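Note: the block below is coords.cif and it holds mmCIF, C-alpha atoms.
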```cif
data_query
loop_
_atom_site.group_PDB
_atom_site.id
_atom_site.type_symbol
_atom_site.label_atom_id
_atom_site.label_comp_id
_atom_site.auth_asym_id
_atom_site.auth_seq_id
_atom_site.Cartn_x
_atom_site.Cartn_y
_atom_site.Cartn_z
ATOM 1 C CA MET A 1 76.637 67.463 111.620
ATOM 2 C CA ARG A 2 77.099 71.223 111.736
ATOM 3 C CA LEU A 3 80.346 73.183 111.869
ATOM 4 C CA ILE A 4 78.880 75.388 114.594
ATOM 5 C CA ASP A 5 78.610 72.338 116.882
ATOM 6 C CA HIS A 6 82.040 70.868 116.158
ATOM 7 C CA LEU A 7 84.810 72.721 114.347
ATOM 8 C CA ALA A 8 83.549 76.239 115.150
ATOM 9 C CA ALA A 9 81.915 75.677 118.524
ATOM 10 C CA ARG A 10 84.321 78.086 120.229
ATOM 11 C CA ARG A 11 84.645 81.378 118.373
ATOM 12 C CA ILE A 12 84.615 85.104 118.984
ATOM 13 C CA TYR A 13 84.287 88.297 116.957
ATOM 14 C CA TYR A 14 87.015 90.933 117.017
ATOM 15 C CA GLN A 15 85.536 94.330 116.182
ATOM 16 C CA ARG A 16 87.214 96.469 113.566
ATOM 17 C CA PRO A 17 89.488 99.197 114.939
ATOM 18 C CA LEU A 18 88.400 101.542 112.105
ATOM 19 C CA PRO A 19 85.105 101.621 110.189
ATOM 20 C CA THR A 20 86.894 100.880 106.896
ATOM 21 C CA LEU A 21 88.618 97.725 108.177
ATOM 22 C CA PRO A 22 86.969 94.298 108.512
ATOM 23 C CA ASP A 23 85.810 92.484 111.618
ATOM 24 C CA ILE A 24 87.513 89.165 112.296
ATOM 25 C CA LEU A 25 85.753 86.032 113.472
ATOM 26 C CA LEU A 26 88.337 83.852 115.193
ATOM 27 C CA ILE A 27 87.571 80.149 115.481
ATOM 28 C CA ASP A 28 89.407 78.178 118.174
ATOM 29 C CA VAL A 29 89.760 74.883 116.323
ATOM 30 C CA PRO A 30 89.455 71.739 118.507
ATOM 31 C CA SER A 31 92.776 70.020 119.210
ATOM 32 C CA GLN A 32 92.012 67.001 116.993
ATOM 33 C CA PHE A 33 91.895 69.345 113.960
ATOM 34 C CA SER A 34 94.550 71.883 114.977
ATOM 35 C CA GLY A 35 98.166 72.129 113.859
ATOM 36 C CA GLN A 36 100.484 73.816 111.393
ATOM 37 C CA GLY A 37 98.826 76.172 108.969
ATOM 38 C CA LEU A 38 96.586 77.675 111.653
ATOM 39 C CA ALA A 39 97.398 80.841 113.569
ATOM 40 C CA LEU A 40 99.260 79.776 116.748
ATOM 41 C CA ASP A 41 98.553 76.213 115.504
ATOM 42 C CA ARG A 42 94.909 76.414 116.637
ATOM 43 C CA TYR A 43 93.047 79.500 115.391
ATOM 44 C CA TYR A 44 91.236 79.938 112.079
ATOM 45 C CA PRO A 45 90.585 83.625 111.302
ATOM 46 C CA VAL A 46 87.691 84.649 109.070
ATOM 47 C CA ILE A 47 87.757 88.160 107.613
ATOM 48 C CA VAL A 48 84.240 89.616 107.636
ATOM 49 C CA GLU A 49 83.707 92.913 105.823
ATOM 50 C CA THR A 50 79.945 93.459 106.164
ATOM 51 C CA VAL A 51 77.039 92.576 108.431
ATOM 52 C CA ALA A 52 75.540 90.603 105.525
ATOM 53 C CA GLU A 53 78.717 88.501 105.337
ATOM 54 C CA ALA A 54 78.555 87.860 109.090
ATOM 55 C CA HIS A 55 74.990 86.564 108.718
ATOM 56 C CA GLU A 56 75.952 84.518 105.658
ATOM 57 C CA PHE A 57 78.897 82.962 107.496
ATOM 58 C CA GLU A 58 76.846 82.103 110.596
ATOM 59 C CA ALA A 59 74.261 80.431 108.328
ATOM 60 C CA PHE A 60 77.115 78.507 106.650
ATOM 61 C CA LEU A 61 78.271 77.271 110.066
ATOM 62 C CA CYS A 62 74.718 76.148 110.908
ATOM 63 C CA GLU A 63 74.160 74.136 107.701
ATOM 64 C CA ARG A 64 73.788 70.396 108.158
ATOM 65 C CA ARG A 65 76.400 68.380 106.270
ATOM 66 C CA LYS A 66 77.613 64.809 106.082
ATOM 67 C CA ARG A 67 81.204 65.614 107.061
ATOM 68 C CA LEU A 68 83.274 68.424 108.463
ATOM 69 C CA ILE A 69 84.751 70.866 105.973
ATOM 70 C CA ALA A 70 87.068 73.839 106.336
ATOM 71 C CA PRO A 71 85.158 77.041 107.144
ATOM 72 C CA ALA A 72 86.598 78.693 104.033
ATOM 73 C CA LEU A 73 83.418 80.322 102.688
ATOM 74 C CA LEU A 74 84.880 83.850 102.538
ATOM 75 C CA ASP A 75 88.604 83.065 102.100
ATOM 76 C CA ARG A 76 88.706 83.567 98.324
ATOM 77 C CA ARG A 77 85.999 86.225 98.029
ATOM 78 C CA PRO A 78 87.613 89.450 96.791
ATOM 79 C CA SER A 79 87.930 92.176 99.374
ATOM 80 C CA ALA A 80 86.046 95.430 98.919
ATOM 81 C CA LEU A 81 88.907 97.292 100.610
ATOM 82 C CA LEU A 82 91.164 99.049 98.132
ATOM 83 C CA THR A 83 94.266 100.745 99.446
ATOM 84 C CA GLU A 84 97.424 102.254 98.042
ATOM 85 C CA ASP A 85 99.085 102.048 101.454
ATOM 86 C CA ILE A 86 100.137 99.014 103.448
ATOM 87 C CA ILE A 87 98.060 98.910 106.625
ATOM 88 C CA PHE A 88 99.080 97.089 109.818
ATOM 89 C CA ALA A 89 96.068 96.860 112.134
ATOM 90 C CA ARG A 90 96.151 95.467 115.658
ATOM 91 C CA TYR A 91 93.060 93.807 117.062
ATOM 92 C CA SER A 92 93.062 93.459 120.845
ATOM 93 C CA PRO A 93 91.500 90.372 122.449
ATOM 94 C CA PRO A 94 87.768 90.923 123.054
ATOM 95 C CA ALA A 95 87.830 88.559 126.059
ATOM 96 C CA PRO A 96 90.441 86.943 128.325
ATOM 97 C CA ASN A 97 92.437 83.989 126.953
ATOM 98 C CA TRP A 98 92.115 85.020 123.305
ATOM 99 C CA PRO A 99 95.116 86.163 121.242
ATOM 100 C CA TRP A 100 96.053 89.516 119.783
ATOM 101 C CA LEU A 101 95.633 89.705 116.011
ATOM 102 C CA GLN A 102 97.585 91.602 113.399
ATOM 103 C CA LEU A 103 95.803 92.170 110.108
ATOM 104 C CA CYS A 104 97.930 93.447 107.237
ATOM 105 C CA CYS A 105 96.160 94.961 104.237
ATOM 106 C CA TRP A 106 98.303 94.930 101.116
ATOM 107 C CA PRO A 107 97.889 97.041 97.963
ATOM 108 C CA ARG A 108 97.333 95.057 94.783
ATOM 109 C CA HIS A 109 100.822 95.784 93.424
ATOM 110 C CA TYR A 110 102.345 94.083 96.513
ATOM 111 C CA VAL A 111 99.976 91.116 96.250
ATOM 112 C CA ALA A 112 100.978 90.686 92.593
ATOM 113 C CA LEU A 113 104.615 90.163 93.660
ATOM 114 C CA ALA A 114 103.788 86.982 95.604
ATOM 115 C CA LEU A 115 104.514 83.580 94.066
ATOM 116 C CA ASP A 116 101.017 82.319 94.935
ATOM 117 C CA PRO A 117 98.752 85.280 95.798
ATOM 118 C CA GLU A 118 95.620 83.131 96.193
ATOM 119 C CA GLU A 119 97.323 80.991 98.816
ATOM 120 C CA GLY A 120 99.210 83.773 100.559
ATOM 121 C CA PHE A 121 96.512 86.438 100.824
ATOM 122 C CA ALA A 122 93.042 85.985 102.272
ATOM 123 C CA ARG A 123 90.438 87.681 100.122
ATOM 124 C CA GLY A 124 93.210 88.774 97.768
ATOM 125 C CA ALA A 125 94.422 91.514 100.110
ATOM 126 C CA PHE A 126 95.100 90.369 103.678
ATOM 127 C CA THR A 127 97.558 88.475 105.812
ATOM 128 C CA ILE A 128 96.740 87.779 109.432
ATOM 129 C CA ASP A 129 98.729 86.511 112.393
ATOM 130 C CA ALA A 130 97.891 85.773 116.024
ATOM 131 C CA PHE A 131 100.064 86.590 119.034
ATOM 132 C CA ASP A 132 99.983 85.787 122.735
ATOM 133 C CA ASP A 133 100.581 89.394 123.794
ATOM 134 C CA ALA A 134 100.942 92.976 122.562
ATOM 135 C CA GLU A 135 104.747 92.874 122.887
ATOM 136 C CA SER A 136 104.947 89.976 120.416
ATOM 137 C CA ILE A 137 102.819 91.832 117.902
ATOM 138 C CA GLY A 138 105.110 94.858 118.254
ATOM 139 C CA ALA A 139 108.172 92.702 117.552
ATOM 140 C CA ALA A 140 106.483 91.210 114.464
ATOM 141 C CA GLU A 141 105.624 94.702 113.199
ATOM 142 C CA ALA A 142 109.253 95.768 113.662
ATOM 143 C CA ARG A 143 110.451 92.765 111.609
ATOM 144 C CA LEU A 144 107.952 93.548 108.840
ATOM 145 C CA LEU A 145 108.938 97.216 108.831
ATOM 146 C CA ALA A 146 112.600 96.241 108.470
ATOM 147 C CA THR A 147 111.824 94.202 105.338
ATOM 148 C CA LEU A 148 109.833 97.033 103.735
ATOM 149 C CA GLY A 149 112.731 99.479 103.580
ATOM 150 C CA SER A 150 111.563 103.023 102.865
ATOM 151 C CA THR A 151 107.889 102.069 102.529
ATOM 152 C CA GLU A 152 105.862 103.523 105.393
ATOM 153 C CA PRO A 153 102.786 101.491 106.264
ATOM 154 C CA ARG A 154 99.845 102.938 108.157
ATOM 155 C CA LEU A 155 99.665 101.580 111.716
ATOM 156 C CA VAL A 156 96.232 101.171 113.310
ATOM 157 C CA GLN A 157 96.122 100.603 117.063
ATOM 158 C CA PRO A 158 93.070 99.342 118.950
ATOM 159 C CA ILE A 159 91.095 101.875 120.926
ATOM 160 C CA PRO A 160 91.625 101.168 124.629
ATOM 161 C CA ALA A 161 88.524 99.969 126.429
ATOM 162 C CA PRO A 162 87.227 102.179 129.245
ATOM 163 C CA LEU A 163 88.355 100.965 132.652
ATOM 164 C CA GLY A 164 85.311 101.997 134.651
ATOM 165 C CA ARG A 165 81.560 101.732 134.441
ATOM 166 C CA ALA A 166 79.014 104.514 134.584
#
```
As structure tokens:
Amino acid sequence: MRLIDHLAARRIYYQRPLPTLPDILLIDVPSQFSGQGLALDRYYPVIVETVAEAHEFEAFLCERRKRLIAPALLDRRPSALLTEDIIFARYSPPAPNWPWLQLCCWPRHYVALALDPEEGFARGAFTIDAFDDAESIGAAEARLLATLGSTEPRLVQPIPAPLGRA
């Protein structure tokens, strides 16, 4: 069996809103495998920093295996992104019926404060959440900002798509 045929059959790439941020591959996990621990109880986000990683991950999904495994190939790989600022980045849905994503990039000194950084931060630097709409993501950002006190994170908004065609 292959993950691409079962666990990751429905997936979509969210393009980075800035060249220095990662792309996100979002897997819509089938209902028999979904539940707590996944974004909105059904989505598995994969943070992809380079084109080479995207190819590597697609090859990983295509490998034949005896049983299904979690698509965690890149989860523990250290991020190449180094930042001194907290970054909140919104990723708009690339197609209808997909969620909004909020990627938070955390400086190393914030990550070091966590009880279990390996479990709490993907690639040692990121947290990610999914939301049904842009208003929900705004409310989540407001809650995070309230907990940060005087710290001012950098907010990255998606670039609106053009409405017409040439």
For A:Glu141, which residue out of A:His109, A:Arg123, A:Arg11, A:Arg90 is the nearest one, using all atoms listed in the file? A:Arg90
Between atom CA of A:Leu73 and atom CA of A:Val51 lies a distance of 15.0 Å
Given all atoms listed in the file as the basis, pick out the residue of A:Arg67, A:Arg77, A:Arg154, A:Arg143 nearest to A:Pro107. A:Arg154
Could I get the residues of stretch 106-129 of chain A with an atom no further than 12 Å from an atom of stretch 14-27 of chain A, each paired with its nearest atom pair and that distance in Å to one decimal, using all atoms listed in the file, sorted by chain and residue number, as a Markdown table?
```
| residue | atom | partner | partner_atom | distance |
| --- | --- | --- | --- | --- |
| A:Ala122 | CA | A:Ile24 | CA | 11.9 |
| A:Arg123 | CA | A:Pro22 | CA | 11.2 |
| A:Ala125 | CA | A:Pro22 | CA | 11.6 |
| A:Phe126 | CA | A:Pro22 | CA | 10.2 |
| A:Thr127 | CA | A:Ile24 | CA | 12.0 |
| A:Ile128 | CA | A:Ile24 | CA | 9.8 |
| A:Asp129 | CA | A:Leu26 | CA | 11.1 |
```
Find the residues near A:Ala39: any atom within 12 Å, counting all atoms listed in the file, skip ones fewer than 6 places away on the same chain, and give them as an mmCIF file with C-alpha atoms, keeping the file's coordinate frame.
```
data_model
loop_
_atom_site.group_PDB
_atom_site.id
_atom_site.type_symbol
_atom_site.label_atom_id
_atom_site.label_comp_id
_atom_site.auth_asym_id
_atom_site.auth_seq_id
_atom_site.Cartn_x
_atom_site.Cartn_y
_atom_site.Cartn_z
ATOM 1 C CA LEU A 26 88.337 83.852 115.193
ATOM 2 C CA ILE A 27 87.571 80.149 115.481
ATOM 3 C CA ASP A 28 89.407 78.178 118.174
ATOM 4 C CA VAL A 29 89.760 74.883 116.323
ATOM 5 C CA PRO A 45 90.585 83.625 111.302
ATOM 6 C CA VAL A 46 87.691 84.649 109.070
ATOM 7 C CA TRP A 98 92.115 85.020 123.305
ATOM 8 C CA PRO A 99 95.116 86.163 121.242
ATOM 9 C CA TRP A 100 96.053 89.516 119.783
ATOM 10 C CA LEU A 101 95.633 89.705 116.011
ATOM 11 C CA GLN A 102 97.585 91.602 113.399
ATOM 12 C CA LEU A 103 95.803 92.170 110.108
ATOM 13 C CA THR A 127 97.558 88.475 105.812
ATOM 14 C CA ILE A 128 96.740 87.779 109.432
ATOM 15 C CA ASP A 129 98.729 86.511 112.393
ATOM 16 C CA ALA A 130 97.891 85.773 116.024
ATOM 17 C CA PHE A 131 100.064 86.590 119.034
ATOM 18 C CA ASP A 132 99.983 85.787 122.735
#
```
Contacts of stretch 31-34 of chain A at 12 Å or less, counting all atoms listed in the file, minus same-chain residues fewer than 2 places along, as a list in words?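 Selected residues are His6, Leu7, Ala8, Arg10, Ile27, Asp28, Val29, Gln36, Gly37, Leu38, Ala39, Leu40, Asp41, Arg42, Tyr43, Tyr44, Leu68, Ile69 and Ala70 of chain A.
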Restricting the calculation to only C-alpha atoms, which member of A:Glu53, A:Pro153, A:Ala139, A:Thr147 is positioned closest to A:Trp106? A:Pro153
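As for atom CA of A:Asp133 and atom CA of A:Gln157, they are spaced 13.8 Å apart.
In terms of minimum interatomic distance to A:Pro158, A:Pro93 ranks closest within A:Ser136, A:Phe121, A:Tyr110, A:Pro93, counting all atoms listed in the file.
Note that the spacing between atom CA of A:Ser150 and atom CA of A:Leu113 amounts to 17.3 Å.
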Using the file's own x, y and z axes, what box holds all listed atoms of stretch 134-148 of chain A with 8 Å on each side, keeping edges along x, y and z, and what are its centre and edge lengths in Å to one decimal, as JSON?
```
{"center_x": 106.8, "center_y": 93.6, "center_z": 113.3, "size_x": 27.7, "size_y": 23.2, "size_z": 35.2}
```
Between A:Arg65, A:Tyr13, A:Ala112, A:Arg2, which one has atoms that come closest to A:Pro94, using all atoms listed in the file? A:Tyr13
Please evaluate the PyMOL selection byres ((chain A and resi 60) around 10) against the structure above and give the resulting residues as a VMD selection string. chain A and resid 2 to 4 54 to 59 61 to 64 71 to 73
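Distances here use only C-alpha atoms; by that measure, the residue among A:Val48, A:Arg108, A:Asp116, A:Asn97 closest to A:Asp85 is A:Arg108.
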